[in-house]
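Structure data follow from final.cif (mmCIF, C-alpha atoms and all ligand atoms):
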data_my_file
loop_
_atom_site.label_atom_id
_atom_site.label_comp_id
_atom_site.auth_asym_id
_atom_site.auth_seq_id
_atom_site.Cartn_x
_atom_site.Cartn_y
_atom_site.Cartn_z
CA MET A 1 101.28 155.73 40.89
CA SER A 2 99.56 152.38 40.22
CA GLU A 3 98.83 152.58 36.50
CA PRO A 4 97.07 149.37 35.55
CA GLY A 5 99.30 146.90 33.73
CA LYS A 6 102.53 148.69 34.69
CA LYS A 7 105.03 146.48 36.48
CA ARG A 8 107.48 148.43 38.60
CA GLY A 9 110.49 147.28 40.54
CA ILE A 10 110.73 146.85 44.30
CA SER A 11 112.45 150.17 44.99
CA SER A 12 110.07 152.12 42.73
CA ILE A 13 107.12 150.55 44.55
CA SER A 14 108.67 151.20 47.98
CA ILE A 15 109.31 154.85 47.14
CA HIS A 16 106.22 155.81 45.13
CA GLU A 17 103.32 153.42 45.75
CA GLY A 18 100.28 155.09 47.28
CA GLU A 19 101.90 158.54 47.52
CA ASP A 20 99.80 161.66 47.08
CA PRO A 21 101.16 163.40 43.93
CA LEU A 22 101.05 166.73 45.81
CA TYR A 23 103.82 165.63 48.19
CA ILE A 24 107.32 164.23 47.95
CA ILE A 25 107.47 163.23 51.61
CA PRO A 26 104.15 162.09 53.11
CA PRO A 27 102.68 163.94 56.09
CA ILE A 28 102.34 162.19 59.46
CA TYR A 29 98.70 162.22 60.55
CA GLN A 30 99.62 162.39 64.23
CA SER A 31 96.01 162.35 65.28
CA ALA A 32 93.87 159.93 67.28
CA ILE A 33 90.62 161.28 65.85
CA PHE A 34 89.11 162.57 62.59
CA LYS A 35 86.08 164.69 61.88
CA HIS A 36 83.08 162.64 60.83
CA PRO A 37 80.59 161.91 59.26
CA PHE A 38 82.14 164.02 56.48
CA GLY A 39 85.66 162.61 56.78
CA GLU A 40 87.79 160.61 54.39
CA GLN A 41 87.17 156.93 53.71
CA ILE A 42 89.70 154.12 53.95
CA ARG A 43 88.68 150.79 52.34
CA GLY A 44 85.09 152.06 52.16
CA ARG A 45 85.01 152.73 55.92
CA GLU A 46 84.65 156.16 57.35
CA LEU A 47 87.85 157.47 58.91
CA LYS A 48 87.19 158.48 62.51
CA TYR A 49 89.61 156.93 65.04
CA SER A 50 93.26 155.86 64.64
CA ARG A 51 92.81 152.52 66.41
CA GLU A 52 90.68 151.66 63.38
CA ASP A 53 92.50 153.42 60.54
CA ASN A 54 94.95 156.25 60.00
CA PRO A 55 96.07 157.74 56.64
CA THR A 56 99.82 157.39 57.40
CA VAL A 57 99.34 153.79 58.47
CA HIS A 58 97.23 153.19 55.37
CA LEU A 59 100.00 154.52 53.12
CA LEU A 60 102.34 151.90 54.61
CA GLU A 61 99.67 149.24 54.03
CA LYS A 62 99.41 150.20 50.34
CA LYS A 63 103.17 149.99 49.89
CA VAL A 64 103.58 146.63 51.63
CA ASN A 65 100.59 145.23 49.79
CA ALA A 66 102.14 146.19 46.45
CA LEU A 67 105.50 144.70 47.50
CA GLU A 68 103.98 141.40 48.65
CA LYS A 69 101.53 141.32 45.67
CA GLY A 70 98.56 140.94 48.03
CA GLU A 71 94.91 141.87 47.61
CA ASP A 72 94.84 143.84 50.86
CA CYS A 73 97.14 144.60 53.79
CA LEU A 74 96.90 145.65 57.44
CA ALA A 75 99.69 147.12 59.55
CA PHE A 76 100.06 146.38 63.27
CA GLY A 77 101.86 147.65 66.36
CA SER A 78 104.29 144.69 66.17
CA GLY A 79 104.94 141.49 64.26
CA MET A 80 103.39 139.58 67.18
CA ALA A 81 100.23 141.74 66.99
CA ALA A 82 99.86 140.71 63.32
CA ILE A 83 100.45 137.03 64.13
CA SER A 84 98.14 136.93 67.16
CA THR A 85 95.38 138.72 65.24
CA ILE A 86 95.41 136.26 62.36
CA PHE A 87 95.20 133.29 64.75
CA LEU A 88 92.65 134.66 67.20
CA SER A 89 90.35 135.71 64.36
CA THR A 90 90.61 132.42 62.44
CA VAL A 91 90.61 129.49 64.86
CA SER A 92 87.81 128.18 67.05
CA LYS A 93 87.57 125.44 69.67
CA GLY A 94 88.49 122.07 68.18
CA ASP A 95 90.45 123.50 65.22
CA GLU A 96 93.95 122.29 64.43
CA ILE A 97 97.04 124.42 63.77
CA VAL A 98 100.12 122.84 62.19
CA THR A 99 103.41 124.60 62.70
CA SER A 100 107.14 124.04 62.99
CA LYS A 101 109.08 123.81 66.25
CA GLU A 102 111.69 125.88 64.43
CA ILE A 103 109.65 129.11 64.23
CA TYR A 104 110.33 132.28 66.24
CA GLY A 105 110.04 131.52 69.98
CA ALA A 106 107.24 134.00 70.82
CA SER A 107 105.12 132.72 67.91
CA LEU A 108 105.55 129.17 69.17
CA VAL A 109 104.65 130.16 72.75
CA LEU A 110 101.58 132.03 71.45
CA LEU A 111 100.36 129.08 69.37
CA ARG A 112 100.97 126.58 72.19
CA SER A 113 99.07 128.85 74.59
CA LEU A 114 95.99 128.58 72.36
CA GLU A 115 95.66 124.97 73.55
CA LYS A 116 93.93 126.29 76.68
CA PHE A 117 91.04 127.40 74.44
CA GLY A 118 90.61 123.86 73.06
CA ILE A 119 92.69 124.43 69.92
CA ARG A 120 94.93 121.56 68.86
CA VAL A 121 98.49 122.58 67.99
CA LYS A 122 100.78 120.17 66.12
CA CYS A 123 104.41 121.32 66.36
CA VAL A 124 106.77 119.33 64.16
CA LEU A 125 110.19 119.75 62.58
CA ASN A 126 110.34 121.67 59.26
CA GLY A 127 110.92 118.43 57.37
CA ASP A 128 107.70 116.87 58.75
CA LEU A 129 105.35 119.76 57.92
CA VAL A 130 103.99 118.39 54.62
CA LYS A 131 102.97 115.02 56.05
CA SER A 132 101.41 116.66 59.13
CA ILE A 133 98.85 118.71 57.18
CA THR A 134 95.57 116.78 56.84
CA ARG A 135 91.84 117.40 56.32
CA ASP A 136 91.74 118.25 60.07
CA THR A 137 94.10 121.22 59.66
CA LYS A 138 92.62 124.71 59.78
CA ILE A 139 95.86 126.73 59.47
CA ALA A 140 99.47 125.88 58.72
CA PHE A 141 101.97 128.47 59.94
CA ILE A 142 105.53 128.45 58.65
CA GLU A 143 108.52 130.74 58.23
CA THR A 144 110.41 131.09 54.94
CA ILE A 145 113.79 130.94 56.70
CA THR A 146 113.79 129.68 60.29
CA ASN A 147 115.74 130.93 63.25
CA PRO A 148 118.53 130.38 64.37
CA THR A 149 119.59 127.41 62.20
CA LEU A 150 118.44 129.00 58.92
CA GLY A 151 116.29 126.10 57.73
CA VAL A 152 114.18 126.52 54.58
CA PRO A 153 110.91 124.55 54.67
CA ASN A 154 109.58 123.29 51.35
CA LEU A 155 107.07 126.12 50.94
CA PRO A 156 105.69 125.13 47.49
CA GLU A 157 104.89 121.61 48.78
CA ILE A 158 103.41 122.93 52.05
CA VAL A 159 101.17 125.41 50.23
CA LYS A 160 100.03 122.73 47.77
CA THR A 161 99.21 120.33 50.62
CA CYS A 162 97.25 123.09 52.39
CA ARG A 163 95.22 123.67 49.21
CA GLU A 164 94.49 119.95 48.78
CA ASN A 165 93.30 119.72 52.38
CA GLY A 166 91.32 122.97 52.57
CA ALA A 167 93.75 124.52 55.09
CA ILE A 168 94.81 128.18 55.20
CA SER A 169 98.55 128.77 54.71
CA VAL A 170 100.17 131.63 56.64
CA VAL A 171 103.83 132.43 56.03
CA ASP A 172 106.09 134.57 58.21
CA ASN A 173 108.44 136.15 55.66
CA THR A 174 110.44 138.29 58.11
CA PHE A 175 113.86 136.77 57.35
CA ALA A 176 113.46 136.71 53.54
CA THR A 177 111.58 140.02 52.98
CA PRO A 178 109.74 140.67 49.68
CA VAL A 179 113.13 141.39 48.09
CA ASN A 180 114.14 137.73 48.34
CA PHE A 181 110.78 135.96 48.39
CA ARG A 182 107.08 136.70 47.97
CA PRO A 183 105.03 133.81 49.45
CA LEU A 184 101.74 135.01 47.90
CA GLU A 185 103.20 134.55 44.41
CA TRP A 186 103.83 130.92 45.37
CA GLY A 187 100.20 130.43 46.36
CA ALA A 188 100.27 131.15 50.11
CA ASP A 189 97.05 132.67 51.48
CA TYR A 190 98.60 135.19 53.88
CA VAL A 191 102.02 136.61 54.60
CA VAL A 192 103.09 138.29 57.85
CA GLU A 193 106.27 140.14 58.65
CA SER A 194 107.83 141.79 61.64
CA ALA A 195 108.40 145.28 60.19
CA THR A 196 110.71 145.82 63.15
CA LYS A 197 113.35 143.95 61.15
CA TYR A 198 114.26 144.60 57.49
CA LEU A 199 111.19 146.64 56.46
CA GLY A 200 111.91 149.33 59.09
CA GLY A 201 115.58 148.47 58.78
CA HIS A 202 117.07 150.81 61.38
CA ASN A 203 116.38 149.17 64.76
CA ASP A 204 114.34 152.21 65.79
CA VAL A 205 110.72 151.10 65.40
CA ILE A 206 108.42 148.16 66.24
CA GLY A 207 105.73 147.14 63.75
CA GLY A 208 104.11 144.30 61.84
CA VAL A 209 102.24 143.70 58.59
CA LEU A 210 99.79 141.17 57.25
CA SER A 211 98.95 140.89 53.56
CA GLY A 212 97.06 138.46 51.35
CA LYS A 213 93.58 137.52 50.21
CA LYS A 214 90.78 140.04 50.63
CA GLU A 215 88.43 137.32 51.83
CA ARG A 216 89.26 137.44 55.54
CA MET A 217 90.69 140.98 55.76
CA ALA A 218 87.49 142.58 57.09
CA ASP A 219 87.55 140.05 59.92
CA PHE A 220 91.25 140.69 60.60
CA TRP A 221 90.50 144.44 60.60
CA GLU A 222 87.75 143.91 63.19
CA TRP A 223 90.08 141.86 65.41
CA ARG A 224 92.88 144.40 65.03
CA ARG A 225 90.51 147.10 66.20
CA ASN A 226 89.18 145.07 69.12
CA LEU A 227 92.52 143.62 70.28
CA GLY A 228 94.03 147.08 69.94
CA GLY A 229 97.16 146.06 68.04
CA SER A 230 97.09 149.05 65.69
CA LEU A 231 100.24 150.81 64.48
CA ASP A 232 101.12 154.32 65.58
CA PRO A 233 101.33 156.91 62.72
CA LEU A 234 104.87 157.99 63.64
CA ALA A 235 106.00 154.35 63.62
CA ALA A 236 104.29 153.95 60.22
CA PHE A 237 106.20 156.98 58.91
CA LEU A 238 109.53 155.50 60.08
CA ILE A 239 108.77 152.19 58.36
CA ILE A 240 107.72 154.08 55.18
CA ARG A 241 111.08 155.86 55.30
CA GLY A 242 112.91 152.59 55.88
CA LEU A 243 111.14 150.94 52.95
CA LYS A 244 112.69 153.41 50.50
CA THR A 245 116.07 151.68 50.92
CA LEU A 246 114.74 148.15 51.52
CA LYS A 247 116.05 146.67 48.29
CA LEU A 248 119.45 148.37 48.56
CA ARG A 249 119.88 147.26 52.14
CA VAL A 250 118.70 143.67 51.69
CA GLU A 251 120.83 143.13 48.58
CA CYS A 252 123.84 144.47 50.48
CA GLN A 253 123.01 142.23 53.46
CA ASN A 254 122.53 139.16 51.21
CA LYS A 255 126.00 139.75 49.78
CA GLY A 256 127.59 140.50 53.15
CA ALA A 257 126.05 137.42 54.79
CA GLN A 258 127.26 135.20 51.95
CA GLU A 259 130.82 136.52 52.38
CA VAL A 260 130.70 136.14 56.15
CA ALA A 261 129.31 132.58 55.87
CA GLU A 262 132.08 131.57 53.44
CA PHE A 263 134.72 133.20 55.65
CA LEU A 264 133.44 131.42 58.77
CA GLU A 265 133.22 128.09 56.94
CA GLY A 266 136.95 128.28 56.28
CA HIS A 267 137.90 129.38 59.82
CA THR A 268 139.73 126.89 62.05
CA LYS A 269 137.90 128.09 65.21
CA VAL A 270 134.45 127.47 63.68
CA LYS A 271 132.86 124.00 63.87
CA ARG A 272 129.82 124.56 61.68
CA VAL A 273 128.10 127.32 59.69
CA PHE A 274 124.38 127.64 58.94
CA TYR A 275 123.45 129.67 55.85
CA PRO A 276 121.26 128.55 52.93
CA GLY A 277 123.58 130.31 50.48
CA LEU A 278 126.44 127.91 51.26
CA LYS A 279 126.86 125.08 48.77
CA SER A 280 127.36 122.78 51.78
CA SER A 281 123.91 123.67 53.21
CA GLN A 282 121.25 120.96 52.91
CA PHE A 283 118.84 123.79 51.97
CA ASN A 284 120.98 125.33 49.20
CA LYS A 285 119.21 123.61 46.30
CA LEU A 286 115.69 124.44 47.48
CA ALA A 287 116.60 127.98 48.59
CA SER A 288 118.31 128.70 45.24
CA ARG A 289 115.13 127.64 43.43
CA LEU A 290 112.98 129.97 45.55
CA MET A 291 115.14 133.03 46.26
CA PRO A 292 117.67 135.30 44.54
CA GLY A 293 119.36 135.96 47.91
CA PHE A 294 119.22 134.34 51.34
CA GLY A 295 119.03 137.23 53.77
CA GLY A 296 121.41 138.79 56.26
CA VAL A 297 121.39 136.23 59.08
CA VAL A 298 124.21 133.71 59.49
CA SER A 299 124.63 131.29 62.40
CA PHE A 300 127.78 129.44 63.38
CA GLU A 301 129.04 127.15 66.08
CA VAL A 302 132.25 127.39 68.09
CA GLU A 303 133.64 124.62 70.29
CA ASN A 304 131.44 125.14 73.38
CA GLY A 305 129.23 127.54 75.33
CA GLU A 306 132.08 129.06 77.31
CA LYS A 307 133.92 130.00 74.10
CA ALA A 308 130.71 131.34 72.54
CA LEU A 309 130.21 133.71 75.50
CA ARG A 310 133.91 134.69 75.42
CA LEU A 311 133.59 135.56 71.73
CA LEU A 312 130.73 137.97 72.49
CA THR A 313 132.95 139.99 74.81
CA SER A 314 135.96 139.91 72.43
CA LEU A 315 134.20 141.70 69.57
CA SER A 316 134.77 145.40 69.03
CA PHE A 317 131.87 147.07 67.16
CA ILE A 318 129.64 143.98 66.68
CA LYS A 319 127.28 144.23 69.64
CA THR A 320 125.29 141.61 71.50
CA ALA A 321 121.62 142.45 71.08
CA PRO A 322 118.37 140.80 69.99
CA SER A 323 116.62 141.46 66.70
CA LEU A 324 117.97 141.62 63.16
CA GLY A 325 117.65 143.45 59.87
CA GLY A 326 119.07 146.82 60.94
CA ALA A 327 122.14 148.77 59.87
CA GLU A 328 124.21 147.47 62.81
CA THR A 329 125.79 144.01 62.78
CA LEU A 330 124.47 142.23 65.89
CA ILE A 331 125.21 138.90 67.53
CA THR A 332 123.24 136.68 69.91
CA HIS A 333 123.87 133.47 71.85
CA PRO A 334 120.53 131.61 71.45
CA VAL A 335 121.08 129.19 74.38
CA SER A 336 121.36 132.06 76.87
CA SER A 337 118.83 134.38 75.18
CA SER A 338 116.07 133.54 72.64
CA HIS A 339 116.06 129.79 73.38
CA LYS A 340 116.86 129.91 77.13
CA SER A 341 113.39 128.68 78.15
CA ILE A 342 113.47 125.69 75.79
CA ASN A 343 114.57 122.45 77.48
CA PRO A 344 118.01 121.14 76.43
CA ALA A 345 116.60 117.98 74.77
CA GLU A 346 114.32 120.02 72.53
CA ARG A 347 117.15 122.46 71.80
CA LYS A 348 119.31 119.55 70.69
CA GLU A 349 116.52 118.30 68.42
CA LEU A 350 116.48 121.78 66.83
CA GLY A 351 120.27 121.71 66.34
CA ILE A 352 120.85 124.51 68.86
CA GLU A 353 124.08 123.66 70.65
CA GLU A 354 125.76 125.60 73.51
CA GLY A 355 128.38 126.95 71.10
CA LEU A 356 125.88 128.36 68.58
CA LEU A 357 125.93 132.09 67.77
CA ARG A 358 123.63 134.06 65.45
CA LEU A 359 124.80 137.06 63.48
CA SER A 360 122.60 139.67 61.82
CA ILE A 361 124.79 141.27 59.18
CA GLY A 362 124.45 145.05 59.06
CA LEU A 363 125.59 147.65 56.57
CA GLU A 364 129.16 148.25 57.73
CA GLU A 365 131.96 147.55 55.24
CA ILE A 366 132.37 143.80 54.96
CA ASP A 367 136.13 143.89 55.58
CA ASP A 368 135.49 145.54 58.96
CA ILE A 369 132.94 142.89 59.91
CA LEU A 370 135.33 140.09 58.90
CA GLU A 371 138.21 141.68 60.80
CA ASP A 372 136.13 142.04 63.98
CA LEU A 373 135.01 138.39 63.78
CA ASP A 374 138.49 137.11 62.92
CA LYS A 375 140.15 138.91 65.85
CA ALA A 376 137.53 137.63 68.30
CA LEU A 377 137.73 134.07 66.94
CA LYS A 378 141.53 134.05 67.08
CA SER A 379 141.39 135.09 70.75
CA LEU A 380 139.46 131.92 71.74
C1 LIG K 401 110.57 135.60 62.39
C2 LIG K 401 109.94 136.55 63.35
N1 LIG K 401 108.61 136.71 63.34
C3 LIG K 401 107.99 137.56 64.18
C4 LIG K 401 108.69 138.28 65.11
C5 LIG K 401 107.96 139.19 66.05
O1 LIG K 401 108.08 140.50 65.64
P1 LIG K 401 107.96 141.76 66.64
O2 LIG K 401 109.13 141.70 67.54
O3 LIG K 401 107.93 142.92 65.71
O4 LIG K 401 106.68 141.57 67.37
C6 LIG K 401 110.08 138.16 65.16
C7 LIG K 401 110.87 138.94 66.12
O5 LIG K 401 112.03 138.70 66.35
C8 LIG K 401 110.72 137.26 64.26
O6 LIG K 401 112.05 137.09 64.27
#

Please express what this file holds, its structure, as structure tokens.
Amino acid sequence: MSEPGKKRGISSISIHEGEDPLYIIPPIYQSAIFKHPFGEQIRGRELKYSREDNPTVHLLEKKVNALEKGEDCLAFGSGMAAISTIFLSTVSKGDEIVTSKEIYGASLVLLRSLEKFGIRVKCVLNGDLVKSITRDTKIAFIETITNPTLGVPNLPEIVKTCRENGAISVVDNTFATPVNFRPLEWGADYVVESATKYLGGHNDVIGGVLSGKKERMADFWEWRRNLGGSLDPLAAFLIIRGLKTLKLRVECQNKGAQEVAEFLEGHTKVKRVFYPGLKSSQFNKLASRLMPGFGGVVSFEVENGEKALRLLTSLSFIKTAPSLGGAETLITHPVSSSHKSINPAERKELGIEEGLLRLSIGLEEIDDILEDLDKALKSL
């Protein structure tokens, strides 16, 4: 498929990149082992054991790499396996990591837990990232859109500051996806994504990807093998299948989220709405410069925690569940779920109030989503 010089669109890449011309649908190499020393090679390494490499997993890696415009890509058993591998393989005692307090909770816990190995971790607010990166920084880790208050850090400035200071920039692009943003094109060194979310897109598989410069990929590969965070071939097949509709789904979710955000902004029972696509958002100008769409997650605040919990039980088909990026519209109450273990003072600093709710817009008709929300809000 990859004819040199030919630029194809996101859906064409998702559907065709890396495919064997003999097949329409790729086979699943549901095998732990391969015959060697006469077996196939992947990236110049002999194929022998699926914890190291697997042809179905490698097909996914080729597709994601082409979507993210990377030099090489590795797939993992989860987004957290990708994130932990990049950190464990890169930092040593005495190194400094700079990150935002506004990143995904498990990533923050992981980075803070590296302090016990003598690694210094600076956790700041999104707005303080640029000034926190210095000559002492080994890696800066940021997210393109942060959770649950949908902040957009100034990625071009952060990447530039990393370059000037010799630091490696790693961007978690889970919320934006390569449809809305490609961090490598803006100069980031590495991009990671939880494939569990939009890439898989159906809430039926856990996976992660890491793409970027070739330079450190052999090392990441070695750590993936030794930590054991490899992706299962059946899971890779499901993500490959999900990718075929990635662009269609994300564009639909961009549009749906924008409509929901505007609807909620005008609702008398809603105190505040967080979505970078809203003109009233402090991130609208920056986000509009970087992205054609702002993703499918919208957060909003009702009067208090009691009403937020009541709203969850008043919805009809919108279900309370973690995760995002699937076909089903889902809702969460961060204070009693994802951010429960964070102390109230820090939650306040992050703008996470008791009445905050996070929606992941699915693929249902938008009028149905609005009706479900409106009924539940009116019952408060
Ligand atoms: C932004 C972000 N990064 C990483 C992860 C971790 O991904 P996984 O659950 O696939 O390990 C998540 C999961 O919610 C996430 O939201």

In terms of only C-alpha atoms and all ligand atoms, the residue from A:Val205, A:Ala327, A:Leu227, A:Leu246 at minimal distance from ligand LIG 401 (chain K) is A:Val205

(request) Could you tell me how far atom CA of A:Ser92 lies from atom CA of A:Asn226, in Å and to one decimal? (result)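 According to the coordinates, atom CA of A:Ser92 and atom CA of A:Asn226 are separated by 17.1 Å.
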
Contacts to ligand LIG 401 (chain K) at 9 Å cut-off (all atoms listed in the file) as a PyMOL selection string: chain A and resi 76-83+103-107+143-147+172-175+192-197+205-208+322-324

Atom CA of A:Lys271 sits from atom CA of A:Lys307 at a separation of 11.9 Å

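What separates atom CA of A:Leu243 from atom CA of A:Tyr23 is a distance of 17.1 Å.
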
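With distances restricted to all atoms listed in the file, A:Thr90 is the closest residue to A:Ser169 from A:Gln41, A:Thr90, A:Ser113, A:Asn304.
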
Pick out the closest residue to A:Leu67 from this set: A:Lys255, A:Arg224, A:Lys244, A:Lys35. Count all atoms listed in the file.
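Closest to A:Leu67, using all atoms listed in the file: A:Lys244.
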
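When all atoms listed in the file are used to measure the gap to A:Glu115, the shortest distance among A:Lys93, A:Lys101, A:Arg51, A:Lys213 belongs to A:Lys93.
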
For A:Leu60, which residue out of A:His16, A:Lys340, A:Lys7, A:Lys214 is the nearest one, using only C-alpha atoms?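 Ranking A:His16, A:Lys340, A:Lys7, A:Lys214 by distance to A:Leu60, first place goes to A:His16.
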
Judged by all atoms listed in the file, the minimum distance to A:Ser230 among A:Ala32, A:Ala188, A:Ile15, A:Val297 is found for A:Ala32

Practice problem: Write out as a VMD selection string the residues lying within 12 Å of A:Ile158, counting all atoms listed in the file and excluding same-chain residues fewer than 5 positions away. | Solution: chain A and resid 98 to 100 126 to 134 139 to 144 152 to 153 163 to 165 167 to 171 183 186 to 189

For a quick check of your reading of the model, name the residues lying within 12 Å of the coordinate (117.6, 118.2, 53.4), counting only C-alpha atoms, and write them as a PDB file with C-alpha atoms, keeping the file's coordinate frame.
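What ended up in result.pdb:
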ATOM      1  CA  LEU A 125     110.190 119.750  62.580  1.00  0.00           C
ATOM      2  CA  ASN A 126     110.340 121.670  59.260  1.00  0.00           C
ATOM      3  CA  GLY A 127     110.920 118.430  57.370  1.00  0.00           C
ATOM      4  CA  ASP A 128     107.700 116.870  58.750  1.00  0.00           C
ATOM      5  CA  GLY A 151     116.290 126.100  57.730  1.00  0.00           C
ATOM      6  CA  VAL A 152     114.180 126.520  54.580  1.00  0.00           C
ATOM      7  CA  PRO A 153     110.910 124.550  54.670  1.00  0.00           C
ATOM      8  CA  ASN A 154     109.580 123.290  51.350  1.00  0.00           C
ATOM      9  CA  PRO A 276     121.260 128.550  52.930  1.00  0.00           C
ATOM     10  CA  SER A 280     127.360 122.780  51.780  1.00  0.00           C
ATOM     11  CA  SER A 281     123.910 123.670  53.210  1.00  0.00           C
ATOM     12  CA  GLN A 282     121.250 120.960  52.910  1.00  0.00           C
ATOM     13  CA  PHE A 283     118.840 123.790  51.970  1.00  0.00           C
ATOM     14  CA  ASN A 284     120.980 125.330  49.200  1.00  0.00           C
ATOM     15  CA  LYS A 285     119.210 123.610  46.300  1.00  0.00           C
ATOM     16  CA  LEU A 286     115.690 124.440  47.480  1.00  0.00           C
ATOM     17  CA  ALA A 287     116.600 127.980  48.590  1.00  0.00           C
TER      18      ALA A 287
END

Sorted per-residue table, stretch 269-302 of chain A near stretch 347-364 of chain A, closest atoms and distance, 6 Å, all atoms listed in the file, as CSV:
residue,atom,partner,partner_atom,distance
A:Gly296,CA,A:Ile361,CA,5.1
A:Val297,CA,A:Ser360,CA,4.6
A:Val298,CA,A:Leu359,CA,5.2
A:Ser299,CA,A:Arg358,CA,4.2
A:Phe300,CA,A:Leu357,CA,5.5
A:Glu301,CA,A:Leu356,CA,4.2
A:Val302,CA,A:Gly355,CA,4.9

Resulting file, chosen residues, C-alpha atoms, as a CSV table (one decimal), keeping the file's coordinate frame:
chain,number,residue,atom,x,y,z
A,296,GLY,CA,121.4,138.8,56.3
A,297,VAL,CA,121.4,136.2,59.1
A,298,VAL,CA,124.2,133.7,59.5
A,299,SER,CA,124.6,131.3,62.4
A,300,PHE,CA,127.8,129.4,63.4
A,301,GLU,CA,129.0,127.2,66.1
A,302,VAL,CA,132.2,127.4,68.1

Box along x, y and z, 5 Å on every side, all listed atoms of stretch 307-321 of chain A inside: centre and edge lengths in Å to one decimal, as lines of an AutoDock Vina configuration file.
center_x = 128.8
center_y = 138.5
center_z = 71.1
size_x = 24.3
size_y = 27.1
size_z = 18.8

| query | Quick one: residues within 12 Å of A:Leu47, only C-alpha atoms counted, chain neighbours fewer than 2 positions away excluded, as a list in words? | reply | Tyr29, Ser31, Ala32, Ile33, Phe34, Lys35, His36, Pro37, Phe38, Gly39, Glu40, Gln41, Ile42, Arg43, Gly44, Arg45, Tyr49, Ser50, Arg51, Glu52, Asp53, Asn54, Pro55 and His58 of chain A

Your completed stretch 345-361 of chain A with N, CA and C atoms, as a PDB file, keeping the file's coordinate frame:
ATOM      1  N   ALA A 345     116.862 119.072  75.729  1.00  0.00           N
ATOM      2  CA  ALA A 345     116.600 117.980  74.770  1.00  0.00           C
ATOM      3  C   ALA A 345     115.954 118.534  73.503  1.00  0.00           C
ATOM      4  N   GLU A 346     114.989 119.442  73.696  1.00  0.00           N
ATOM      5  CA  GLU A 346     114.320 120.020  72.530  1.00  0.00           C
ATOM      6  C   GLU A 346     115.283 120.913  71.736  1.00  0.00           C
ATOM      7  N   ARG A 347     116.148 121.627  72.472  1.00  0.00           N
ATOM      8  CA  ARG A 347     117.150 122.460  71.800  1.00  0.00           C
ATOM      9  C   ARG A 347     118.047 121.604  70.917  1.00  0.00           C
ATOM     10  N   LYS A 348     118.434 120.469  71.435  1.00  0.00           N
ATOM     11  CA  LYS A 348     119.310 119.550  70.690  1.00  0.00           C
ATOM     12  C   LYS A 348     118.591 119.082  69.412  1.00  0.00           C
ATOM     13  N   GLU A 349     117.315 118.756  69.569  1.00  0.00           N
ATOM     14  CA  GLU A 349     116.520 118.300  68.420  1.00  0.00           C
ATOM     15  C   GLU A 349     116.494 119.383  67.333  1.00  0.00           C
ATOM     16  N   LEU A 350     116.526 120.652  67.776  1.00  0.00           N
ATOM     17  CA  LEU A 350     116.480 121.780  66.830  1.00  0.00           C
ATOM     18  C   LEU A 350     117.876 122.140  66.309  1.00  0.00           C
ATOM     19  N   GLY A 351     118.895 121.446  66.806  1.00  0.00           N
ATOM     20  CA  GLY A 351     120.270 121.710  66.340  1.00  0.00           C
ATOM     21  C   GLY A 351     120.899 122.927  67.008  1.00  0.00           C
ATOM     22  N   ILE A 352     120.325 123.329  68.170  1.00  0.00           N
ATOM     23  CA  ILE A 352     120.850 124.510  68.860  1.00  0.00           C
ATOM     24  C   ILE A 352     121.790 124.067  69.978  1.00  0.00           C
ATOM     25  N   GLU A 353     123.072 124.106  69.692  1.00  0.00           N
ATOM     26  CA  GLU A 353     124.080 123.660  70.650  1.00  0.00           C
ATOM     27  C   GLU A 353     124.546 124.853  71.496  1.00  0.00           C
ATOM     28  N   GLU A 354     125.250 124.541  72.604  1.00  0.00           N
ATOM     29  CA  GLU A 354     125.760 125.600  73.510  1.00  0.00           C
ATOM     30  C   GLU A 354     126.679 126.586  72.783  1.00  0.00           C
ATOM     31  N   GLY A 355     127.394 126.097  71.791  1.00  0.00           N
ATOM     32  CA  GLY A 355     128.380 126.950  71.100  1.00  0.00           C
ATOM     33  C   GLY A 355     127.807 127.737  69.930  1.00  0.00           C
ATOM     34  N   LEU A 356     126.480 127.688  69.758  1.00  0.00           N
ATOM     35  CA  LEU A 356     125.880 128.360  68.580  1.00  0.00           C
ATOM     36  C   LEU A 356     125.745 129.874  68.794  1.00  0.00           C
ATOM     37  N   LEU A 357     126.081 130.632  67.765  1.00  0.00           N
ATOM     38  CA  LEU A 357     125.930 132.090  67.770  1.00  0.00           C
ATOM     39  C   LEU A 357     125.181 132.517  66.509  1.00  0.00           C
ATOM     40  N   ARG A 358     124.353 133.570  66.627  1.00  0.00           N
ATOM     41  CA  ARG A 358     123.630 134.060  65.450  1.00  0.00           C
ATOM     42  C   ARG A 358     124.027 135.495  65.151  1.00  0.00           C
ATOM     43  N   LEU A 359     124.402 135.711  63.910  1.00  0.00           N
ATOM     44  CA  LEU A 359     124.800 137.060  63.480  1.00  0.00           C
ATOM     45  C   LEU A 359     123.734 137.658  62.595  1.00  0.00           C
ATOM     46  N   SER A 360     123.415 138.940  62.795  1.00  0.00           N
ATOM     47  CA  SER A 360     122.600 139.670  61.820  1.00  0.00           C
ATOM     48  C   SER A 360     123.543 140.661  61.151  1.00  0.00           C
ATOM     49  N   ILE A 361     123.819 140.428  59.881  1.00  0.00           N
ATOM     50  CA  ILE A 361     124.790 141.270  59.180  1.00  0.00           C
ATOM     51  C   ILE A 361     124.174 142.646  58.912  1.00  0.00           C
TER      52      ILE A 361
END
